[in-house]
Amino acid sequence: MTLYQEKNHGYEIVTEMNCNNESIVLGHNKNAVQPYVTWRTTRNRKYGYNSGHYFKEFKDAHKDFKERCFDMMNKQVAREKKKCEPKKNSNIR
């Protein structure tokens with residue numbers, strides 16, 4: 001049992017995926033017209049929640065959550081790959 005349940009604008013955060021300091025969360029508010037939401041945020045929520053995608057059906061929200069998580073992870077992999085690439089030296093003849 002969780003001692004602290006995180007909420008934002010009446011939506012209870014039911015799951016989250018973290019990658020470095022970035023996070024994607026899935027929220028639920030049974031009283032809302034669109035009771036499911038996914039938000040992009042940071043792990044410590046320093047900058048709040050942004051880029052909300054709202055849904056009437058859980059299956060649509062879960063699909064969006066998975067897509068946003070894959071996108072976040074793919075961007076991180078691309079950043080890490082770029083760090084490993086050899087630097088181009090313009091002084092080589």
# chains A, B, ... in the order shown; residues from 1 in each chain; ligands from 1
>>> residues_around(residues="segment 13-19 of chain A", least_positions_apart="3", cutoff="9 Å", atoms="only C-alpha atoms", output="PyMOL selection string")
chain A and resi 5-8+22-28+42-43+65+69+72-73+76
>>> write_last_selection(atoms="N, CA and C atoms", output="compact mmCIF listing (two decimals), in the first residue's frame")
# COMPACT_ATOMS: atom_id res chain seq x y z
N GLN A 5 -0.14 9.15 -2.26
CA GLN A 5 -0.64 9.01 -3.63
C GLN A 5 -0.50 10.35 -4.33
N GLU A 6 0.26 10.37 -5.39
CA GLU A 6 0.51 11.60 -6.13
C GLU A 6 -0.72 11.97 -6.96
N LYS A 7 -1.08 13.25 -6.92
CA LYS A 7 -2.20 13.76 -7.72
C LYS A 7 -1.80 15.05 -8.41
N ASN A 8 -2.43 15.31 -9.55
CA ASN A 8 -2.25 16.56 -10.27
C ASN A 8 -3.60 16.92 -10.89
N GLU A 22 13.86 12.52 -17.14
CA GLU A 22 12.56 12.67 -17.79
C GLU A 22 11.60 11.59 -17.32
N SER A 23 10.30 11.93 -17.33
CA SER A 23 9.28 10.96 -16.94
C SER A 23 8.03 11.15 -17.80
N ILE A 24 7.34 10.05 -18.00
CA ILE A 24 6.00 10.05 -18.58
C ILE A 24 5.10 9.43 -17.52
N VAL A 25 3.96 10.08 -17.24
CA VAL A 25 3.04 9.54 -16.24
C VAL A 25 1.67 9.31 -16.86
N LEU A 26 0.93 8.38 -16.28
CA LEU A 26 -0.45 8.09 -16.66
C LEU A 26 -1.31 8.37 -15.44
N GLY A 27 -2.32 9.23 -15.63
CA GLY A 27 -3.19 9.59 -14.52
C GLY A 27 -4.64 9.21 -14.79
N HIS A 28 -5.41 9.13 -13.69
CA HIS A 28 -6.83 8.77 -13.79
C HIS A 28 -7.65 9.63 -12.82
N THR A 42 9.30 15.82 -15.20
CA THR A 42 10.63 15.41 -14.76
C THR A 42 10.46 14.49 -13.56
N ARG A 43 11.49 13.76 -13.26
CA ARG A 43 11.41 12.78 -12.17
C ARG A 43 11.02 13.44 -10.85
N PHE A 65 0.59 6.21 -23.61
CA PHE A 65 1.63 6.10 -22.59
C PHE A 65 2.81 5.29 -23.11
N CYS A 69 6.56 6.67 -23.91
CA CYS A 69 7.70 6.05 -23.22
C CYS A 69 8.75 5.59 -24.23
N MET A 72 10.54 8.63 -25.58
CA MET A 72 11.48 9.17 -24.60
C MET A 72 12.75 8.32 -24.54
N MET A 73 12.58 7.00 -24.54
CA MET A 73 13.73 6.11 -24.47
C MET A 73 14.55 6.14 -25.75
N GLN A 76 16.73 9.15 -25.74
CA GLN A 76 17.87 8.97 -24.84
C GLN A 76 18.93 8.09 -25.48
>>> select_by_dssp(residues="chain A", states="alpha helix (DSSP H)", output="list in words")
Phe58, Lys59, Asp60, Ala61, His62, Lys63, Asp64, Phe65, Lys66, Glu67, Arg68, Cys69, Phe70, Asp71, Met72, Met73, Asn74, Lys75, Gln76, Val77, Ala78, Arg79, Glu80, Lys81, Lys82, Lys83 and Cys84 of chain A
>>> atom_distance(atom1="atom CA of Ser51 of chain A", atom2="atom CA of Arg68 of chain A")
10.8 Å
>>> select_by_dssp(residues="chain A", states="strand (DSSP E or B)", output="ChimeraX atom specification")
/A:7-8,11-19,22-28,36-42,49-55
>>> residues_around(residues="Gln34 of chain A", least_positions_apart="2", cutoff="6 Å", atoms="only C-alpha atoms", output="PyMOL selection string")
chain A and resi 32+36+54-56
>>> atom_distance(atom1="atom CA of Pro35 of chain A", atom2="atom CA of Asp64 of chain A")
14.1 Å
>>> atom_distance(atom1="atom CA of Lys81 of chain A", atom2="atom CA of Glu67 of chain A")
20.8 Å
>>> closest_residue(among="A:Val37, A:Asn20, A:Gly10, A:Glu57", to="Lys75 of chain A", atoms="only C-alpha atoms")
A:Asn20
>>> decode(residues="segment 12-56 of chain A", atoms="N, CA and C atoms", output="PDB file, in the first residue's frame")
ATOM      1  N   GLU A  12      -5.159  11.099 -10.297  1.00  0.00           N
ATOM      2  CA  GLU A  12      -4.265  10.268  -9.502  1.00  0.00           C
ATOM      3  C   GLU A  12      -3.245   9.642 -10.450  1.00  0.00           C
ATOM      4  N   ILE A  13      -1.975   9.811 -10.151  1.00  0.00           N
ATOM      5  CA  ILE A  13      -0.924   9.227 -10.989  1.00  0.00           C
ATOM      6  C   ILE A  13      -0.877   7.734 -10.671  1.00  0.00           C
ATOM      7  N   VAL A  14      -1.161   6.918 -11.696  1.00  0.00           N
ATOM      8  CA  VAL A  14      -1.241   5.472 -11.468  1.00  0.00           C
ATOM      9  C   VAL A  14       0.018   4.730 -11.896  1.00  0.00           C
ATOM     10  N   THR A  15       0.776   5.318 -12.814  1.00  0.00           N
ATOM     11  CA  THR A  15       2.047   4.696 -13.207  1.00  0.00           C
ATOM     12  C   THR A  15       2.942   5.748 -13.840  1.00  0.00           C
ATOM     13  N   GLU A  16       4.240   5.451 -13.852  1.00  0.00           N
ATOM     14  CA  GLU A  16       5.196   6.359 -14.501  1.00  0.00           C
ATOM     15  C   GLU A  16       6.383   5.573 -15.021  1.00  0.00           C
ATOM     16  N   MET A  17       7.014   6.134 -16.040  1.00  0.00           N
ATOM     17  CA  MET A  17       8.231   5.573 -16.608  1.00  0.00           C
ATOM     18  C   MET A  17       9.279   6.675 -16.575  1.00  0.00           C
ATOM     19  N   ASN A  18      10.470   6.343 -16.071  1.00  0.00           N
ATOM     20  CA  ASN A  18      11.563   7.309 -15.957  1.00  0.00           C
ATOM     21  C   ASN A  18      12.715   6.925 -16.868  1.00  0.00           C
ATOM     22  N   CYS A  19      13.356   7.937 -17.408  1.00  0.00           N
ATOM     23  CA  CYS A  19      14.565   7.763 -18.205  1.00  0.00           C
ATOM     24  C   CYS A  19      15.436   8.982 -17.931  1.00  0.00           C
ATOM     25  N   ASN A  20      16.532   8.767 -17.212  1.00  0.00           N
ATOM     26  CA  ASN A  20      17.341   9.870 -16.681  1.00  0.00           C
ATOM     27  C   ASN A  20      16.438  10.760 -15.845  1.00  0.00           C
ATOM     28  N   ASN A  21      16.348  12.041 -16.156  1.00  0.00           N
ATOM     29  CA  ASN A  21      15.498  12.935 -15.368  1.00  0.00           C
ATOM     30  C   ASN A  21      14.118  13.136 -15.998  1.00  0.00           C
ATOM     31  N   GLU A  22      13.860  12.517 -17.140  1.00  0.00           N
ATOM     32  CA  GLU A  22      12.560  12.667 -17.792  1.00  0.00           C
ATOM     33  C   GLU A  22      11.596  11.586 -17.318  1.00  0.00           C
ATOM     34  N   SER A  23      10.304  11.929 -17.332  1.00  0.00           N
ATOM     35  CA  SER A  23       9.277  10.965 -16.940  1.00  0.00           C
ATOM     36  C   SER A  23       8.030  11.147 -17.798  1.00  0.00           C
ATOM     37  N   ILE A  24       7.336  10.051 -17.995  1.00  0.00           N
ATOM     38  CA  ILE A  24       5.997  10.052 -18.577  1.00  0.00           C
ATOM     39  C   ILE A  24       5.101   9.425 -17.517  1.00  0.00           C
ATOM     40  N   VAL A  25       3.957  10.076 -17.238  1.00  0.00           N
ATOM     41  CA  VAL A  25       3.036   9.542 -16.237  1.00  0.00           C
ATOM     42  C   VAL A  25       1.666   9.314 -16.863  1.00  0.00           C
ATOM     43  N   LEU A  26       0.930   8.384 -16.275  1.00  0.00           N
ATOM     44  CA  LEU A  26      -0.450   8.093 -16.663  1.00  0.00           C
ATOM     45  C   LEU A  26      -1.310   8.372 -15.443  1.00  0.00           C
ATOM     46  N   GLY A  27      -2.322   9.228 -15.627  1.00  0.00           N
ATOM     47  CA  GLY A  27      -3.195   9.591 -14.522  1.00  0.00           C
ATOM     48  C   GLY A  27      -4.640   9.214 -14.789  1.00  0.00           C
ATOM     49  N   HIS A  28      -5.412   9.126 -13.689  1.00  0.00           N
ATOM     50  CA  HIS A  28      -6.826   8.767 -13.785  1.00  0.00           C
ATOM     51  C   HIS A  28      -7.648   9.627 -12.823  1.00  0.00           C
ATOM     52  N   ASN A  29      -8.777  10.139 -13.323  1.00  0.00           N
ATOM     53  CA  ASN A  29      -9.735  10.895 -12.519  1.00  0.00           C
ATOM     54  C   ASN A  29     -11.119  10.419 -12.924  1.00  0.00           C
ATOM     55  N   LYS A  30     -11.742   9.601 -12.102  1.00  0.00           N
ATOM     56  CA  LYS A  30     -13.025   8.995 -12.454  1.00  0.00           C
ATOM     57  C   LYS A  30     -14.137  10.018 -12.648  1.00  0.00           C
ATOM     58  N   ASN A  31     -13.977  11.241 -12.152  1.00  0.00           N
ATOM     59  CA  ASN A  31     -15.012  12.274 -12.273  1.00  0.00           C
ATOM     60  C   ASN A  31     -14.813  13.198 -13.471  1.00  0.00           C
ATOM     61  N   ALA A  32     -13.727  13.037 -14.206  1.00  0.00           N
ATOM     62  CA  ALA A  32     -13.441  13.914 -15.332  1.00  0.00           C
ATOM     63  C   ALA A  32     -14.166  13.449 -16.593  1.00  0.00           C
ATOM     64  N   VAL A  33     -14.441  14.378 -17.500  1.00  0.00           N
ATOM     65  CA  VAL A  33     -15.055  14.042 -18.787  1.00  0.00           C
ATOM     66  C   VAL A  33     -14.138  13.107 -19.562  1.00  0.00           C
ATOM     67  N   GLN A  34     -12.858  13.396 -19.550  1.00  0.00           N
ATOM     68  CA  GLN A  34     -11.843  12.510 -20.122  1.00  0.00           C
ATOM     69  C   GLN A  34     -11.004  12.015 -18.946  1.00  0.00           C
ATOM     70  N   PRO A  35     -11.344  10.845 -18.415  1.00  0.00           N
ATOM     71  CA  PRO A  35     -10.775  10.417 -17.141  1.00  0.00           C
ATOM     72  C   PRO A  35      -9.325   9.942 -17.159  1.00  0.00           C
ATOM     73  N   TYR A  36      -8.704   9.834 -18.327  1.00  0.00           N
ATOM     74  CA  TYR A  36      -7.314   9.363 -18.395  1.00  0.00           C
ATOM     75  C   TYR A  36      -6.445  10.415 -19.061  1.00  0.00           C
ATOM     76  N   VAL A  37      -5.207  10.525 -18.589  1.00  0.00           N
ATOM     77  CA  VAL A  37      -4.277  11.507 -19.131  1.00  0.00           C
ATOM     78  C   VAL A  37      -2.865  10.960 -19.089  1.00  0.00           C
ATOM     79  N   THR A  38      -2.056  11.363 -20.060  1.00  0.00           N
ATOM     80  CA  THR A  38      -0.610  11.143 -19.991  1.00  0.00           C
ATOM     81  C   THR A  38       0.045  12.516 -20.015  1.00  0.00           C
ATOM     82  N   TRP A  39       1.062  12.672 -19.178  1.00  0.00           N
ATOM     83  CA  TRP A  39       1.827  13.913 -19.123  1.00  0.00           C
ATOM     84  C   TRP A  39       3.310  13.620 -19.216  1.00  0.00           C
ATOM     85  N   ARG A  40       4.035  14.580 -19.764  1.00  0.00           N
ATOM     86  CA  ARG A  40       5.500  14.568 -19.717  1.00  0.00           C
ATOM     87  C   ARG A  40       5.897  15.430 -18.526  1.00  0.00           C
ATOM     88  N   THR A  41       6.906  15.012 -17.793  1.00  0.00           N
ATOM     89  CA  THR A  41       7.352  15.741 -16.613  1.00  0.00           C
ATOM     90  C   THR A  41       8.806  15.368 -16.326  1.00  0.00           C
ATOM     91  N   THR A  42       9.304  15.823 -15.202  1.00  0.00           N
ATOM     92  CA  THR A  42      10.634  15.410 -14.759  1.00  0.00           C
ATOM     93  C   THR A  42      10.464  14.486 -13.562  1.00  0.00           C
ATOM     94  N   ARG A  43      11.486  13.760 -13.257  1.00  0.00           N
ATOM     95  CA  ARG A  43      11.407  12.779 -12.170  1.00  0.00           C
ATOM     96  C   ARG A  43      11.017  13.439 -10.849  1.00  0.00           C
ATOM     97  N   ASN A  44      11.565  14.628 -10.576  1.00  0.00           N
ATOM     98  CA  ASN A  44      11.261  15.311  -9.315  1.00  0.00           C
ATOM     99  C   ASN A  44      10.112  16.316  -9.441  1.00  0.00           C
ATOM    100  N   ARG A  45       9.505  16.400 -10.622  1.00  0.00           N
ATOM    101  CA  ARG A  45       8.353  17.280 -10.904  1.00  0.00           C
ATOM    102  C   ARG A  45       8.698  18.765 -10.734  1.00  0.00           C
ATOM    103  N   LYS A  46       9.979  19.095 -10.826  1.00  0.00           N
ATOM    104  CA  LYS A  46      10.445  20.471 -10.613  1.00  0.00           C
ATOM    105  C   LYS A  46       9.727  21.470 -11.524  1.00  0.00           C
ATOM    106  N   TYR A  47       9.469  21.080 -12.759  1.00  0.00           N
ATOM    107  CA  TYR A  47       8.848  21.987 -13.728  1.00  0.00           C
ATOM    108  C   TYR A  47       7.376  21.658 -13.945  1.00  0.00           C
ATOM    109  N   GLY A  48       6.789  20.878 -13.063  1.00  0.00           N
ATOM    110  CA  GLY A  48       5.378  20.543 -13.176  1.00  0.00           C
ATOM    111  C   GLY A  48       5.120  19.504 -14.256  1.00  0.00           C
ATOM    112  N   TYR A  49       3.889  19.460 -14.698  1.00  0.00           N
ATOM    113  CA  TYR A  49       3.452  18.515 -15.732  1.00  0.00           C
ATOM    114  C   TYR A  49       3.151  19.312 -16.994  1.00  0.00           C
ATOM    115  N   ASN A  50       3.500  18.772 -18.155  1.00  0.00           N
ATOM    116  CA  ASN A  50       3.173  19.474 -19.397  1.00  0.00           C
ATOM    117  C   ASN A  50       2.848  18.487 -20.502  1.00  0.00           C
ATOM    118  N   SER A  51       2.400  19.011 -21.602  1.00  0.00           N
ATOM    119  CA  SER A  51       2.056  18.215 -22.787  1.00  0.00           C
ATOM    120  C   SER A  51       1.068  17.103 -22.443  1.00  0.00           C
ATOM    121  N   GLY A  52      -0.068  17.482 -21.860  1.00  0.00           N
ATOM    122  CA  GLY A  52      -1.077  16.498 -21.502  1.00  0.00           C
ATOM    123  C   GLY A  52      -1.855  15.997 -22.705  1.00  0.00           C
ATOM    124  N   HIS A  53      -2.036  14.693 -22.762  1.00  0.00           N
ATOM    125  CA  HIS A  53      -2.891  14.044 -23.766  1.00  0.00           C
ATOM    126  C   HIS A  53      -4.029  13.391 -22.988  1.00  0.00           C
ATOM    127  N   TYR A  54      -5.271  13.775 -23.264  1.00  0.00           N
ATOM    128  CA  TYR A  54      -6.433  13.321 -22.504  1.00  0.00           C
ATOM    129  C   TYR A  54      -7.254  12.313 -23.296  1.00  0.00           C
ATOM    130  N   PHE A  55      -7.843  11.323 -22.572  1.00  0.00           N
ATOM    131  CA  PHE A  55      -8.557  10.221 -23.219  1.00  0.00           C
ATOM    132  C   PHE A  55      -9.791   9.819 -22.433  1.00  0.00           C
ATOM    133  N   LYS A  56     -10.782   9.308 -23.158  1.00  0.00           N
ATOM    134  CA  LYS A  56     -11.985   8.756 -22.531  1.00  0.00           C
ATOM    135  C   LYS A  56     -11.806   7.293 -22.155  1.00  0.00           C
TER     136      LYS A  56
END
